[in-house]
Structures are given as structure tokens and as C-alpha cells.
>>> print(open('run19.txt').read())   # compact mmCIF, C-alpha atoms
# COMPACT_ATOMS: atom_id res chain seq x y z
CA MET Y 322 -21.39 -23.92 28.92
CA LYS Y 323 -23.68 -21.55 27.08
CA ILE Y 324 -22.31 -19.86 23.96
CA THR Y 325 -23.79 -16.52 23.04
CA LYS Y 326 -23.68 -15.50 19.40
CA LEU Y 327 -22.62 -11.93 19.00
CA SER Y 328 -23.10 -9.86 15.91
CA ILE Y 329 -19.59 -8.52 15.34
CA ASP Y 330 -18.68 -6.46 12.27
CA ARG Y 331 -14.93 -6.94 12.29
CA LEU Y 332 -14.52 -5.79 8.69
CA SER Y 333 -15.72 -2.30 9.59
CA ASP Y 334 -12.86 -2.02 12.07
CA LEU Y 335 -10.24 -2.40 9.33
CA PRO Y 336 -8.30 0.67 8.18
CA ASP Y 337 -9.68 2.57 5.20
CA SER Y 338 -6.67 1.61 3.05
CA ILE Y 339 -7.42 -2.11 3.44
CA ILE Y 340 -11.20 -1.81 3.01
CA CYS Y 341 -10.66 0.10 -0.23
CA GLN Y 342 -8.53 -2.71 -1.66
CA ILE Y 343 -10.66 -5.77 -0.87
CA PRO Y 344 -13.50 -5.23 -3.41
CA SER Y 345 -10.99 -4.53 -6.19
CA PHE Y 346 -9.88 -8.17 -6.23
CA LEU Y 347 -13.35 -9.67 -6.62
CA PRO Y 348 -13.85 -11.26 -10.05
CA THR Y 349 -17.49 -10.43 -10.78
CA THR Y 350 -20.18 -7.88 -10.01
CA LYS Y 351 -22.20 -10.63 -8.30
CA ASN Y 352 -19.37 -11.21 -5.82
CA THR Y 353 -19.01 -7.49 -5.25
CA VAL Y 354 -22.72 -7.05 -4.52
CA ALA Y 355 -22.64 -9.98 -2.09
CA THR Y 356 -19.83 -8.44 -0.04
CA SER Y 357 -21.71 -5.18 0.52
CA ILE Y 358 -23.80 -6.78 3.30
CA LEU Y 359 -20.72 -7.85 5.26
CA ALA Y 360 -19.62 -4.46 6.53
CA ARG Y 361 -21.65 -1.31 7.15
CA ARG Y 362 -18.83 1.02 6.10
CA TRP Y 363 -18.71 -0.47 2.60
CA SER Y 364 -21.93 1.31 1.78
CA TYR Y 365 -20.09 4.62 1.61
CA LEU Y 366 -16.37 3.84 1.38
CA TRP Y 367 -15.16 2.69 -2.04
CA SER Y 368 -12.13 2.19 -4.21
CA PHE Y 369 -12.89 0.39 -7.46
CA ARG Y 370 -10.32 -0.82 -10.00
CA PHE Y 371 -10.97 -3.16 -12.88
CA THR Y 372 -9.84 -4.07 -16.38
CA VAL Y 373 -12.51 -4.42 -19.06
CA THR Y 374 -11.81 -7.47 -21.24
CA ASP Y 375 -13.54 -8.79 -24.35
CA CYS Y 376 -15.55 -11.12 -22.10
CA CYS Y 377 -17.15 -8.20 -20.31
CA SER Y 378 -20.42 -7.25 -22.00
CA ASP Y 379 -21.72 -3.69 -22.21
CA HIS Y 380 -24.37 -4.55 -19.65
CA GLN Y 381 -21.81 -5.96 -17.19
CA PHE Y 382 -19.59 -2.93 -17.67
CA GLU Y 383 -22.43 -0.47 -17.07
CA THR Y 384 -23.66 -2.47 -14.06
CA ARG Y 385 -20.28 -2.30 -12.40
CA ILE Y 386 -20.02 1.45 -12.92
CA LYS Y 387 -23.52 2.10 -11.58
CA PHE Y 388 -22.94 -0.17 -8.60
CA ALA Y 389 -19.75 1.70 -7.71
CA VAL Y 390 -21.48 5.08 -8.02
CA GLU Y 391 -24.43 3.92 -5.89
CA ARG Y 392 -21.96 2.82 -3.20
CA ASN Y 393 -20.45 6.32 -3.10
CA VAL Y 394 -17.24 5.43 -4.94
CA LYS Y 395 -14.27 7.68 -4.22
CA ASN Y 396 -11.54 6.16 -6.38
CA LEU Y 397 -12.39 4.64 -9.76
CA HIS Y 398 -9.78 3.27 -12.17
CA ILE Y 399 -10.95 1.73 -15.47
CA ASN Y 400 -8.53 0.09 -17.89
CA PHE Y 401 -9.69 -1.34 -21.20
CA TYR Y 402 -7.76 -4.46 -22.06
CA ARG Y 403 -7.81 -3.68 -25.77
CA GLN Y 404 -6.83 -0.32 -27.06
CA ASN Y 405 -9.44 1.74 -28.92
CA SER Y 406 -12.28 0.06 -27.05
CA ILE Y 407 -15.63 1.74 -27.70
CA ARG Y 408 -17.80 1.71 -24.60
CA ALA Y 409 -20.68 3.87 -23.44
CA LEU Y 410 -19.87 5.45 -20.11
CA PRO Y 411 -22.96 5.70 -17.91
CA GLY Y 412 -23.97 9.29 -17.36
CA CYS Y 413 -24.10 8.74 -13.59
CA LEU Y 414 -20.31 8.46 -13.60
CA PHE Y 415 -19.93 12.11 -14.55
CA THR Y 416 -22.43 13.34 -11.98
CA CYS Y 417 -21.02 11.33 -9.09
CA LYS Y 418 -20.94 13.50 -5.95
CA THR Y 419 -18.37 11.39 -4.08
CA LEU Y 420 -15.75 10.70 -6.78
CA VAL Y 421 -12.28 11.99 -5.84
CA ASP Y 422 -9.93 10.06 -8.14
CA LEU Y 423 -10.92 9.02 -11.71
CA ARG Y 424 -8.55 7.26 -14.12
CA LEU Y 425 -9.52 6.07 -17.60
CA ARG Y 426 -7.25 4.18 -20.01
CA ASN Y 427 -7.51 3.03 -23.65
CA PHE Y 428 -10.76 4.65 -24.72
CA SER Y 429 -11.21 5.28 -28.42
CA ILE Y 430 -13.16 8.51 -27.87
CA PHE Y 431 -12.72 11.25 -25.33
CA PRO Y 432 -15.37 11.30 -22.56
CA SER Y 433 -18.27 13.43 -23.74
CA SER Y 434 -22.03 13.19 -24.16
CA ARG Y 435 -21.47 11.25 -27.39
CA ILE Y 436 -20.40 8.13 -25.49
CA PHE Y 437 -22.74 8.47 -22.53
CA SER Y 438 -25.63 6.02 -22.38
CA VAL Y 439 -27.95 9.02 -22.16
CA SER Y 440 -28.41 11.67 -24.79
CA CYS Y 441 -26.91 14.58 -22.88
CA VAL Y 442 -25.09 14.92 -19.57
CA VAL Y 443 -23.87 18.02 -17.78
CA VAL Y 444 -20.63 17.09 -16.03
CA CYS Y 445 -20.77 17.71 -12.27
CA LEU Y 446 -17.96 16.17 -10.24
CA PRO Y 447 -17.86 18.45 -7.17
CA ARG Y 448 -15.21 16.46 -5.27
CA LEU Y 449 -12.96 15.23 -8.07
CA LYS Y 450 -9.33 16.11 -7.35
CA ILE Y 451 -7.42 13.67 -9.58
CA LEU Y 452 -8.17 12.94 -13.26
CA HIS Y 453 -6.00 10.72 -15.46
CA LEU Y 454 -6.84 10.17 -19.15
CA HIS Y 455 -4.49 7.75 -20.90
CA TYR Y 456 -4.45 6.92 -24.62
CA ILE Y 457 -7.85 8.31 -25.51
CA ASN Y 458 -7.92 8.79 -29.24
CA GLY Y 459 -9.88 11.81 -30.29
CA GLY Y 460 -12.59 14.17 -29.16
CA TYR Y 461 -10.29 16.47 -27.19
CA GLU Y 462 -12.48 19.42 -28.07
CA SER Y 463 -14.69 18.17 -25.22
CA LEU Y 464 -11.95 18.60 -22.63
CA PRO Y 465 -12.97 22.17 -21.60
CA ASP Y 466 -16.53 20.96 -20.88
CA LEU Y 467 -15.23 18.12 -18.75
CA LEU Y 468 -12.85 20.35 -16.78
CA SER Y 469 -15.52 23.00 -16.21
CA GLY Y 470 -17.51 20.41 -14.26
CA CYS Y 471 -14.59 19.73 -11.88
CA PRO Y 472 -14.46 22.78 -9.59
CA VAL Y 473 -11.82 21.41 -7.18
CA LEU Y 474 -9.59 19.47 -9.60
CA GLU Y 475 -5.94 19.54 -8.51
CA GLU Y 476 -4.19 16.95 -10.70
CA LEU Y 477 -4.64 16.24 -14.40
CA GLU Y 478 -2.61 13.74 -16.39
CA ILE Y 479 -3.12 13.23 -20.13
CA ARG Y 480 -1.31 10.71 -22.31
CA LEU Y 481 -2.23 10.80 -25.95
CA TYR Y 482 -1.01 10.06 -29.43
CA CYS Y 483 0.38 12.85 -31.55
CA CYS Y 484 -2.31 12.54 -34.22
CA PHE Y 485 -4.98 13.49 -31.67
CA CYS Y 486 -3.17 16.19 -29.79
CA SER Y 487 -5.01 19.49 -30.26
CA CYS Y 488 -6.46 20.37 -26.90
CA LYS Y 489 -7.18 23.23 -24.54
CA ILE Y 490 -6.62 22.87 -20.81
CA SER Y 491 -8.22 25.54 -18.68
CA SER Y 492 -8.73 25.35 -14.93
CA PRO Y 493 -8.07 27.77 -12.06
CA THR Y 494 -7.60 24.95 -9.51
CA ILE Y 495 -5.16 22.53 -11.19
CA LYS Y 496 -1.85 22.34 -9.31
CA ARG Y 497 -0.23 19.36 -11.04
CA LEU Y 498 -0.40 18.92 -14.82
CA MET Y 499 1.23 16.07 -16.78
CA ILE Y 500 0.93 15.92 -20.58
CA ASN Y 501 2.68 13.25 -22.67
CA TYR Y 502 2.46 13.12 -26.46
CA PHE Y 503 3.53 9.85 -28.06
CA ASP Y 504 4.27 8.93 -31.67
CA VAL Y 505 1.78 6.53 -33.22
CA GLU Y 506 4.63 4.75 -34.94
CA PRO Y 507 8.14 5.62 -36.17
CA GLY Y 508 8.09 7.69 -39.32
CA TYR Y 509 4.45 8.67 -38.91
CA GLU Y 510 3.59 11.64 -41.09
CA HIS Y 511 1.84 14.32 -39.06
CA LYS Y 512 -1.13 15.79 -40.89
CA GLY Y 513 -3.24 18.73 -39.93
CA TYR Y 514 -2.59 21.53 -37.45
CA TYR Y 515 -2.17 20.59 -33.83
CA ASN Y 516 -1.87 22.99 -30.95
CA LEU Y 517 -1.79 23.01 -27.18
CA GLU Y 518 -3.23 25.76 -25.02
CA ILE Y 519 -2.72 25.86 -21.26
CA ASN Y 520 -4.53 28.23 -18.93
CA THR Y 521 -3.78 27.06 -15.38
CA PRO Y 522 -2.73 30.05 -13.22
CA GLY Y 523 -2.51 27.98 -10.02
CA LEU Y 524 -0.12 25.39 -11.48
CA VAL Y 525 2.72 24.29 -9.18
CA TYR Y 526 4.14 21.28 -11.09
CA LEU Y 527 4.24 20.70 -14.85
CA LYS Y 528 5.38 17.73 -16.92
CA LEU Y 529 5.21 18.30 -20.67
CA VAL Y 530 6.54 15.97 -23.35
CA ASP Y 531 5.71 17.60 -26.67
CA ILE Y 532 6.72 15.91 -29.91
CA SER Y 533 4.16 17.06 -32.45
CA ASN Y 534 2.45 20.38 -31.85
CA GLN Y 535 2.75 23.19 -34.34
CA HIS Y 536 1.91 25.76 -31.71
CA ILE Y 537 1.93 25.97 -27.93
CA LYS Y 538 0.30 28.75 -25.95
CA SER Y 539 0.09 29.43 -22.26
CA GLY Y 540 -1.44 31.88 -19.84
CA PRO Y 541 0.45 33.14 -16.75
CA LEU Y 542 2.40 30.46 -14.85
CA THR Y 543 3.63 32.59 -11.98
CA SER Y 544 2.89 29.92 -9.35
CA LEU Y 545 4.93 27.23 -11.08
CA ILE Y 546 7.71 25.79 -8.89
CA GLU Y 547 8.89 22.66 -10.70
CA ALA Y 548 8.76 21.42 -14.30
CA TYR Y 549 9.96 18.58 -16.53
CA ILE Y 550 9.83 19.69 -20.16
CA VAL Y 551 10.80 17.92 -23.40
CA PHE Y 552 10.43 19.60 -26.79
CA GLN Y 553 10.94 17.70 -30.04
CA ASP Y 554 10.25 19.28 -33.40
CA TYR Y 555 11.03 17.71 -36.75
CA VAL Y 556 10.42 20.47 -39.29
CA ASP Y 557 13.36 22.84 -39.47
CA GLY Y 558 12.58 26.38 -40.51
CA ASP Y 559 9.23 26.56 -38.67
CA TYR Y 560 9.83 29.95 -37.10
CA LEU Y 561 6.32 30.32 -35.65
CA TYR Y 562 6.59 27.08 -33.68
CA SER Y 563 10.11 27.97 -32.55
CA GLN Y 564 8.82 31.34 -31.38
CA SER Y 565 5.95 29.74 -29.44
CA VAL Y 566 8.35 27.31 -27.70
CA THR Y 567 10.63 30.16 -26.66
CA GLU Y 568 7.71 32.25 -25.42
CA PHE Y 569 6.45 29.28 -23.42
CA ILE Y 570 9.85 28.80 -21.74
CA ASP Y 571 9.82 32.51 -20.94
CA ARG Y 572 6.46 32.00 -19.21
CA ILE Y 573 8.06 29.68 -16.65
CA ARG Y 574 10.79 32.15 -15.66
CA ASN Y 575 9.71 32.13 -11.98
CA ILE Y 576 10.41 28.42 -11.64
CA ARG Y 577 12.72 27.00 -8.94
CA CYS Y 578 13.46 23.49 -10.28
CA LEU Y 579 13.66 22.79 -14.03
CA ASP Y 580 14.43 19.64 -16.03
CA LEU Y 581 14.71 20.85 -19.64
CA ASN Y 582 15.36 18.66 -22.69
CA LEU Y 583 16.01 20.47 -25.96
CA SER Y 584 18.20 17.79 -27.52
CA GLU Y 585 15.74 17.00 -30.34
CA CYS Y 586 14.86 20.56 -31.25
CA THR Y 587 15.69 21.81 -34.74
CA GLU Y 588 18.35 24.39 -35.46
CA THR Y 589 15.64 27.02 -35.92
CA THR Y 590 14.20 26.49 -32.43
CA GLN Y 591 17.66 26.45 -30.87
CA SER Y 592 18.66 29.69 -32.61
CA VAL Y 593 15.45 31.48 -31.59
CA PHE Y 594 15.86 30.39 -27.98
CA LEU Y 595 19.53 31.37 -27.78
CA ALA Y 596 18.79 34.80 -29.21
CA ARG Y 597 16.11 35.61 -26.63
CA THR Y 598 16.85 37.29 -23.31
CA ILE Y 599 15.36 35.24 -20.48
CA SER Y 600 15.99 35.60 -16.75
CA PHE Y 601 15.39 32.69 -14.35
CA ARG Y 602 15.94 34.65 -11.17
CA ASN Y 603 14.39 32.00 -8.87
CA LEU Y 604 15.98 28.93 -10.46
CA ILE Y 605 18.05 26.94 -7.96
CA LYS Y 606 18.15 23.49 -9.64
CA LEU Y 607 18.62 22.80 -13.35
CA GLU Y 608 18.81 19.49 -15.23
CA LEU Y 609 19.74 20.26 -18.82
CA THR Y 610 19.76 17.94 -21.83
CA ALA Y 611 20.96 20.05 -24.73
CA ASP Y 612 24.13 21.05 -26.50
CA CYS Y 613 26.77 23.08 -24.68
CA ARG Y 614 25.60 26.39 -26.10
CA PHE Y 615 22.57 26.11 -23.82
CA LEU Y 616 24.80 25.52 -20.80
CA GLN Y 617 26.42 28.90 -21.32
CA LYS Y 618 23.00 30.50 -21.87
CA MET Y 619 21.46 29.04 -18.71
CA LEU Y 620 24.45 29.91 -16.52
CA GLU Y 621 24.19 33.52 -17.61
CA CYS Y 622 20.44 33.83 -16.98
CA ALA Y 623 20.15 31.95 -13.66
CA ASP Y 624 21.95 34.08 -11.08
CA ASN Y 625 20.80 31.99 -8.10
CA LEU Y 626 21.51 28.53 -9.51
CA GLU Y 627 22.81 26.12 -6.85
CA ILE Y 628 22.52 22.66 -8.46
CA LEU Y 629 23.43 21.87 -12.08
CA ILE Y 630 22.99 18.47 -13.78
CA LEU Y 631 24.13 18.29 -17.40
CA ARG Y 632 23.20 15.29 -19.52
CA GLU Y 633 25.12 14.10 -22.57
CA VAL Y 634 23.49 14.43 -25.99
CA GLN Y 635 25.76 12.15 -28.02
CA GLU Y 636 26.99 13.52 -31.35
CA LYS Y 637 24.67 16.50 -31.58
CA ILE Y 638 26.44 18.50 -28.86
CA ARG Y 639 28.19 21.62 -30.12
CA GLY Y 640 31.51 22.95 -28.84
CA TRP Y 641 31.80 24.73 -25.52
CA MET Y 642 32.43 28.48 -25.54
CA GLU Y 643 33.29 30.40 -22.40
CA PRO Y 644 31.00 33.26 -21.37
CA GLN Y 645 32.48 36.72 -21.85
CA GLN Y 646 31.96 37.39 -18.15
CA VAL Y 647 31.87 34.92 -15.27
CA PRO Y 648 28.17 34.26 -14.52
CA THR Y 649 26.92 35.45 -11.14
CA CYS Y 650 25.84 31.96 -10.08
CA LEU Y 651 29.40 30.65 -10.43
CA SER Y 652 30.94 33.31 -8.25
CA SER Y 653 28.40 33.16 -5.42
CA ARG Y 654 25.78 30.38 -5.64
CA LEU Y 655 26.62 27.16 -7.51
CA ARG Y 656 27.40 24.37 -5.01
CA ASN Y 657 26.82 21.08 -6.85
CA ILE Y 658 27.56 20.02 -10.44
CA LYS Y 659 26.90 16.64 -12.05
CA PHE Y 660 27.75 15.38 -15.56
CA VAL Y 661 25.72 12.34 -16.75
CA PRO Y 662 27.39 10.55 -18.44
CA PHE Y 663 30.82 12.10 -18.94
CA LEU Y 664 32.44 11.04 -22.22
CA HIS Y 665 36.01 11.60 -23.36
CA ARG Y 666 35.64 14.73 -25.42
CA LYS Y 667 37.76 17.85 -25.42
CA ARG Y 668 34.79 20.19 -25.17
CA ARG Y 669 33.66 18.36 -22.04
CA PHE Y 670 37.02 18.84 -20.37
CA LYS Y 671 36.97 22.51 -21.32
CA ALA Y 672 33.55 22.99 -19.73
CA VAL Y 673 34.55 21.13 -16.54
CA ARG Y 674 37.79 23.07 -16.19
CA TYR Y 675 35.96 26.36 -16.63
CA LEU Y 676 33.37 25.46 -14.03
CA LEU Y 677 35.97 24.22 -11.52
CA LYS Y 678 38.07 27.35 -11.95
CA ASN Y 679 35.24 29.88 -11.61
CA ALA Y 680 32.79 28.25 -9.18
CA LYS Y 681 33.97 29.94 -5.97
CA VAL Y 682 31.60 28.20 -3.53
CA LEU Y 683 31.45 24.80 -5.23
CA GLU Y 684 31.13 21.92 -2.76
CA LYS Y 685 30.97 18.89 -5.05
CA ILE Y 686 31.40 17.97 -8.69
CA GLU Y 687 30.19 14.51 -9.67
CA ILE Y 688 31.39 12.78 -12.83
CA VAL Y 689 29.24 9.83 -13.93
CA TYR Y 690 31.24 7.89 -16.51
CA PRO Y 691 29.92 5.15 -18.88
CA HIS Y 692 29.76 1.72 -17.27
CA TYR Y 693 31.80 0.20 -20.12
CA LEU Y 694 34.83 2.43 -19.46
CA ASP Y 695 37.94 0.35 -18.68
CA SER Y 696 40.07 1.03 -15.61
CA LYS Y 697 42.87 2.72 -17.55
CA SER Y 698 40.54 5.20 -19.22
CA ARG Y 699 38.67 5.75 -15.97
CA ASN Y 700 41.83 6.54 -14.04
CA ALA Y 701 43.02 8.90 -16.78
CA LEU Y 702 39.70 10.72 -16.69
CA ILE Y 703 39.83 11.17 -12.93
CA GLN Y 704 43.45 12.28 -13.04
CA ILE Y 705 42.81 15.00 -15.63
CA ILE Y 706 39.87 16.46 -13.70
CA SER Y 707 41.63 16.15 -10.32
CA SER Y 708 44.58 18.16 -11.58
CA SER Y 709 42.40 21.01 -12.86
CA GLN Y 710 42.53 24.37 -11.08
CA ARG Y 711 39.76 24.87 -8.53
CA GLY Y 712 38.23 28.13 -7.42
CA SER Y 713 36.83 26.51 -4.28
CA SER Y 714 39.17 24.78 -1.85
CA ALA Y 715 36.19 22.90 -0.36
CA CYS Y 716 35.23 21.25 -3.66
CA GLU Y 717 35.02 17.45 -3.60
CA LEU Y 718 35.39 15.32 -6.74
CA VAL Y 719 33.19 12.21 -6.97
CA ALA Y 720 33.45 9.73 -9.85
CA CYS Y 721 31.12 6.75 -10.29
CA PRO Y 722 29.83 4.45 -13.08
CA GLU Y 723 26.59 5.30 -14.87
CA PHE Y 724 24.72 2.22 -13.63
CA GLY Y 725 26.62 1.76 -10.39
>>> encode(input="run19.txt", output="C-alpha cells")
Amino acid sequence: MKITKLSIDRLSDLPDSIICQIPSFLPTTKNTVATSILARRWSYLWSFRFTVTDCCSDHQFETRIKFAVERNVKNLHINFYRQNSIRALPGCLFTCKTLVDLRLRNFSIFPSSRIFSVSCVVVCLPRLKILHLHYINGGYESLPDLLSGCPVLEELEIRLYCCFCSCKISSPTIKRLMINYFDVEPGYEHKGYYNLEINTPGLVYLKLVDISNQHIKSGPLTSLIEAYIVFQDYVDGDYLYSQSVTEFIDRIRNIRCLDLNLSECTETTQSVFLARTISFRNLIKLELTADCRFLQKMLECADNLEILILREVQEKIRGWMEPQQVPTCLSSRLRNIKFVPFLHRKRRFKAVRYLLKNAKVLEKIEIVYPHYLDSKSRNALIQIISSSQRGSSACELVACPEFG
């Protein structure tokens, strides 16, 4: 029997998702280079992920980057094992014509010509759609130059420490923007003047956790549909910052889904916000973490609200006060209400009773009680709410534990 040897490239027949993963698990550049002869599609289809450890020399690091770029890398994720690692990024990385997804973590300096291995590089990433920059300490003045070289960028995520937080984000193409500011350490004294400026008119989703800026500024956000926003300020009496926060919230008035946390704002910021007239005419879902004064405010300014989730803010919550007139959303729109968690406090019962009585089309109210609540207290809680007057005969009461 004669056996004929056939040249079969079975690897090239694998799905893209699998081919993209295989090279990521190879331990060295030598192994990676060797695999490139095994399948013809690997010469142009690439996903490259690696962690740079202390054992990786500058030469090895640069070789890996260049090899990925030469093989038309599409997805490149680089994580430095040690924080504040100083490495020179090869200039070819920021002129890669095929790169679609770039994620960098734990750099000590923001990507700019100062850390390229060449003296000067003009950023040109014509296909880049996703850019994540995590824990890069400093040099954020270079961010506009980087973004200007990404003409089709759709998603930008930045995680940074509060002592390096002044930055300007400007792009007409970004649709998803996530910004997280973290404290360097508890009790850290903020020095200097930090500000955030956002100019992204095409933005659809925004996540912003702001704990340190003295000023926040934004261009039009008329396309924004959904947002998760946390504001924390520590210096009471800063009227200018409070004013900028309120103006920013006013900018997102066309939003449909909003998760808003104002629990750590100072009295000044809260007072400025409550005094301002804001209308969220398109808002249909609201998750609110703030004292009960904000509940009244949001009910009055969101006529089309359908879903309300109110989160407990421990001892800082102020007493509930009924609106002078029944908000429009209660009489015609609000269908689902959820309290997370519901604690035994008189002001909570007052708010629930008011909502049950005036929500004419309410379909469900969900009470999430603390997991440690004993059966006697739990039954008493359910009994009190069940016996409250209801404006909607179709309303269903659901009670469940917080971690159930």
C-alpha cells in the first residue's frame, strides 16, 4: 500500500477566535516566531496578550512588539507585572495600520514620544477602535495627540490615580467612554489643580467615577443614552466645583438610563444641585444612590420615568419630604420600584407609602432587605408594606434578601 504525503494546513481551517488565542499562550518570542510557519493565516491574523515581568529585558519586550506589528496584529494587550514600569514603546506600535484593540496597563508615563524608542513619532492608528489605558501615572497632557491619531476610535477606557488626573478627552467618534479615578492611598492630600474636560459629541455610553477633580467641563452630550456616574468631593464650600458638577449633570439631560451616585458629595454640591432646575424628559430608568431629598427632586424632573432603583446610603440619608404636587411619572409612567437594601427607618416607610399610594400604573415594588434580618423583623416589614394603600390594583409586592 502506497502512502501519499499531503501538505495539509489544518490550522488555517480553525475559526478566527481560536487562532487568535493560540499564540498568546506561548512562553517566548522564539516559540512565537516558530509557529508562524505552521499556518498561512497567521501571517495576517493576530491577537497578542502578554505580561511583562522583571525577567523580560528591554530588547525582548521591543522584539515582541515589533514581531506582533509585522504580523499585522489586530488585538494587543500589554500588562506590566510591576506597577510604574518604565519601558520604551517602539514607535511602530503607534503607526500600526492593522491594530483594532490596544490595552496598556501599569505604565509609569503616558504614551507619548518621550517613551518611544525613536525621537519623535506621529500617531497614526487608522483602524483602532478600542483603547484602554490603566494606571498610567502622568503625562496626560499627551492624550489629545494620541486621540487625534485614532480617527475611528469608538471605545476609550482610562483608569488613573487622582494625583495624575488632569486630562482632556476630545474625539468626534468615541461612543463608549469609561473614566475611573482612584485614590493613591487613604488620607492622601490632593495637591495642585486637577480638571477633566470631555468633548465627545457622539458619546452613547459614559462611566465616570470622579473623586478628585476641582473642575469638570463637557461639550454637548446630546447622543448620550446611558451613564454610570459617581461624584465624590471632600472640600465643603467649593462652590465652583459644585457648580461644574451640576452643569455637567445638566448636560446629560437627554439620557434614557442613569445610575447616579451622589452619596459622597458635600453639602455645598448637594445644595447647588437641588436648587437647579433640570428636566430629564427622556429618562426611563434611574438608579439613585443619594439621600431622600434627591429622590423627590428626580421624581419631579423625570416625567417619563418607568423604572426606579433607590439604594441605601446608611446614616447620611436625610428625611423624606413629599412633593407639593404628585409628579407626572407617578400618575402615568412609573411601573417598577426597587429599594436596595431596605432598612427599618421611618423615613423609608414614608417614602414607600407615598409611592404606593400615588403610583397609578405601578406593576411591581421590590423590597430587598438585609440578609441578616431575622424572620420576625422580616415578616413585620412585609406586613407593614403590604397593608399600605395602593394606587394601582395591579401592583405586586416582592421581598427578598440582599444576597439571596
>>> residues_around(input="run19.txt", residues="Lys685 of chain Y", least_positions_apart="5", cutoff="8 Å", atoms="only C-alpha atoms", output="compact mmCIF listing (two decimals) with C-alpha atoms, in the coordinates of the input")
# COMPACT_ATOMS: atom_id res chain seq x y z
CA ARG Y 656 27.40 24.37 -5.01
CA ASN Y 657 26.82 21.08 -6.85
CA ILE Y 658 27.56 20.02 -10.44
CA CYS Y 716 35.23 21.25 -3.66
CA GLU Y 717 35.02 17.45 -3.60
CA LEU Y 718 35.39 15.32 -6.74
CA VAL Y 719 33.19 12.21 -6.97
>>> atom_distance(input="run19.txt", atom1="atom CA of Phe601 of chain Y", atom2="atom CA of Glu627 of chain Y")
12.4 Å
>>> residues_around(input="run19.txt", residues="Arg497 of chain Y", least_positions_apart="2", cutoff="8 Å", atoms="all atoms listed in the file", output="ChimeraX atom specification")
/Y:475-477,495,499,524-527
>>> residues_near_point(input="run19.txt", point="(15.5, 16.1, -29.1)", cutoff="8 Å", atoms="only C-alpha atoms", output="list of chain:residue names")
Y:Val551, Y:Phe552, Y:Gln553, Y:Asp554, Y:Asn582, Y:Leu583, Y:Ser584, Y:Glu585, Y:Cys586
>>> axis_aligned_box(input="run19.txt", around="segment 542-550 of chain Y", padding_each_side="5 Å", output="AutoDock Vina command-line options")
--center_x 6.2 --center_y 25.6 --center_z -14.5 --size_x 17.6 --size_y 24.0 --size_z 21.3
>>> residues_around(input="run19.txt", residues="Thr374 of chain Y", least_positions_apart="3", cutoff="7 Å", atoms="only C-alpha atoms", output="PyMOL selection string")
chain Y and resi 377+401-402
>>> atom_distance(input="run19.txt", atom1="atom CA of Ile537 of chain Y", atom2="atom CA of Phe569 of chain Y")
7.2 Å
>>> closest_residue(input="run19.txt", among="Y:Leu425, Y:Leu579, Y:Leu397, Y:Leu517", to="Tyr456 of chain Y", atoms="only C-alpha atoms")
Y:Leu425
>>> atom_distance(input="run19.txt", atom1="atom CA of Leu604 of chain Y", atom2="atom CA of Leu626 of chain Y")
5.6 Å
>>> residues_around(input="run19.txt", residues="Leu420 of chain Y", least_positions_apart="2", cutoff="9 Å", atoms="only C-alpha atoms", output="list in words")
Val390, Asn393, Val394, Lys395, Asn396, Leu397, Leu414, Phe415, Thr416, Cys417, Lys418, Asp422, Leu423, Leu446, Pro447, Arg448, Leu449 and Lys450 of chain Y
>>> residues_around(input="run19.txt", residues="Arg654 of chain Y", least_positions_apart="6", cutoff="12 Å", atoms="only C-alpha atoms", output="mmCIF file with C-alpha atoms, in the frame of the given file")
data_model
loop_
_atom_site.group_PDB
_atom_site.id
_atom_site.type_symbol
_atom_site.label_atom_id
_atom_site.label_comp_id
_atom_site.auth_asym_id
_atom_site.auth_seq_id
_atom_site.Cartn_x
_atom_site.Cartn_y
_atom_site.Cartn_z
ATOM 1 C CA ASN Y 603 14.390 32.000 -8.870
ATOM 2 C CA LEU Y 604 15.980 28.930 -10.460
ATOM 3 C CA ILE Y 605 18.050 26.940 -7.960
ATOM 4 C CA LYS Y 606 18.150 23.490 -9.640
ATOM 5 C CA LEU Y 620 24.450 29.910 -16.520
ATOM 6 C CA ALA Y 623 20.150 31.950 -13.660
ATOM 7 C CA ASP Y 624 21.950 34.080 -11.080
ATOM 8 C CA ASN Y 625 20.800 31.990 -8.100
ATOM 9 C CA LEU Y 626 21.510 28.530 -9.510
ATOM 10 C CA GLU Y 627 22.810 26.120 -6.850
ATOM 11 C CA ILE Y 628 22.520 22.660 -8.460
ATOM 12 C CA LEU Y 629 23.430 21.870 -12.080
ATOM 13 C CA PRO Y 648 28.170 34.260 -14.520
ATOM 14 C CA ASN Y 679 35.240 29.880 -11.610
ATOM 15 C CA ALA Y 680 32.790 28.250 -9.180
ATOM 16 C CA LYS Y 681 33.970 29.940 -5.970
ATOM 17 C CA VAL Y 682 31.600 28.200 -3.530
ATOM 18 C CA LEU Y 683 31.450 24.800 -5.230
ATOM 19 C CA GLU Y 684 31.130 21.920 -2.760
ATOM 20 C CA SER Y 713 36.830 26.510 -4.280
#
>>> closest_residue(input="run19.txt", among="Y:Gly712, Y:Pro522, Y:Pro493, Y:Gly412", to="Ser653 of chain Y", atoms="all atoms listed in the file")
Y:Gly712
>>> closest_residue(input="run19.txt", among="Y:Ile479, Y:Cys471, Y:Leu542, Y:Leu655", to="Leu529 of chain Y", atoms="only C-alpha atoms")
Y:Ile479
>>> closest_residue(input="run19.txt", among="Y:Thr598, Y:Ser491, Y:Gln591, Y:Ser698", to="Asp571 of chain Y", atoms="only C-alpha atoms")
Y:Thr598
>>> closest_residue(input="run19.txt", among="Y:Lys489, Y:Val647, Y:His380, Y:Ile630", to="Gln617 of chain Y", atoms="all atoms listed in the file")
Y:Val647
>>> closest_residue(input="run19.txt", among="Y:Ile399, Y:Ala548, Y:Pro644, Y:Ser463", to="Asn575 of chain Y", atoms="all atoms listed in the file")
Y:Ala548
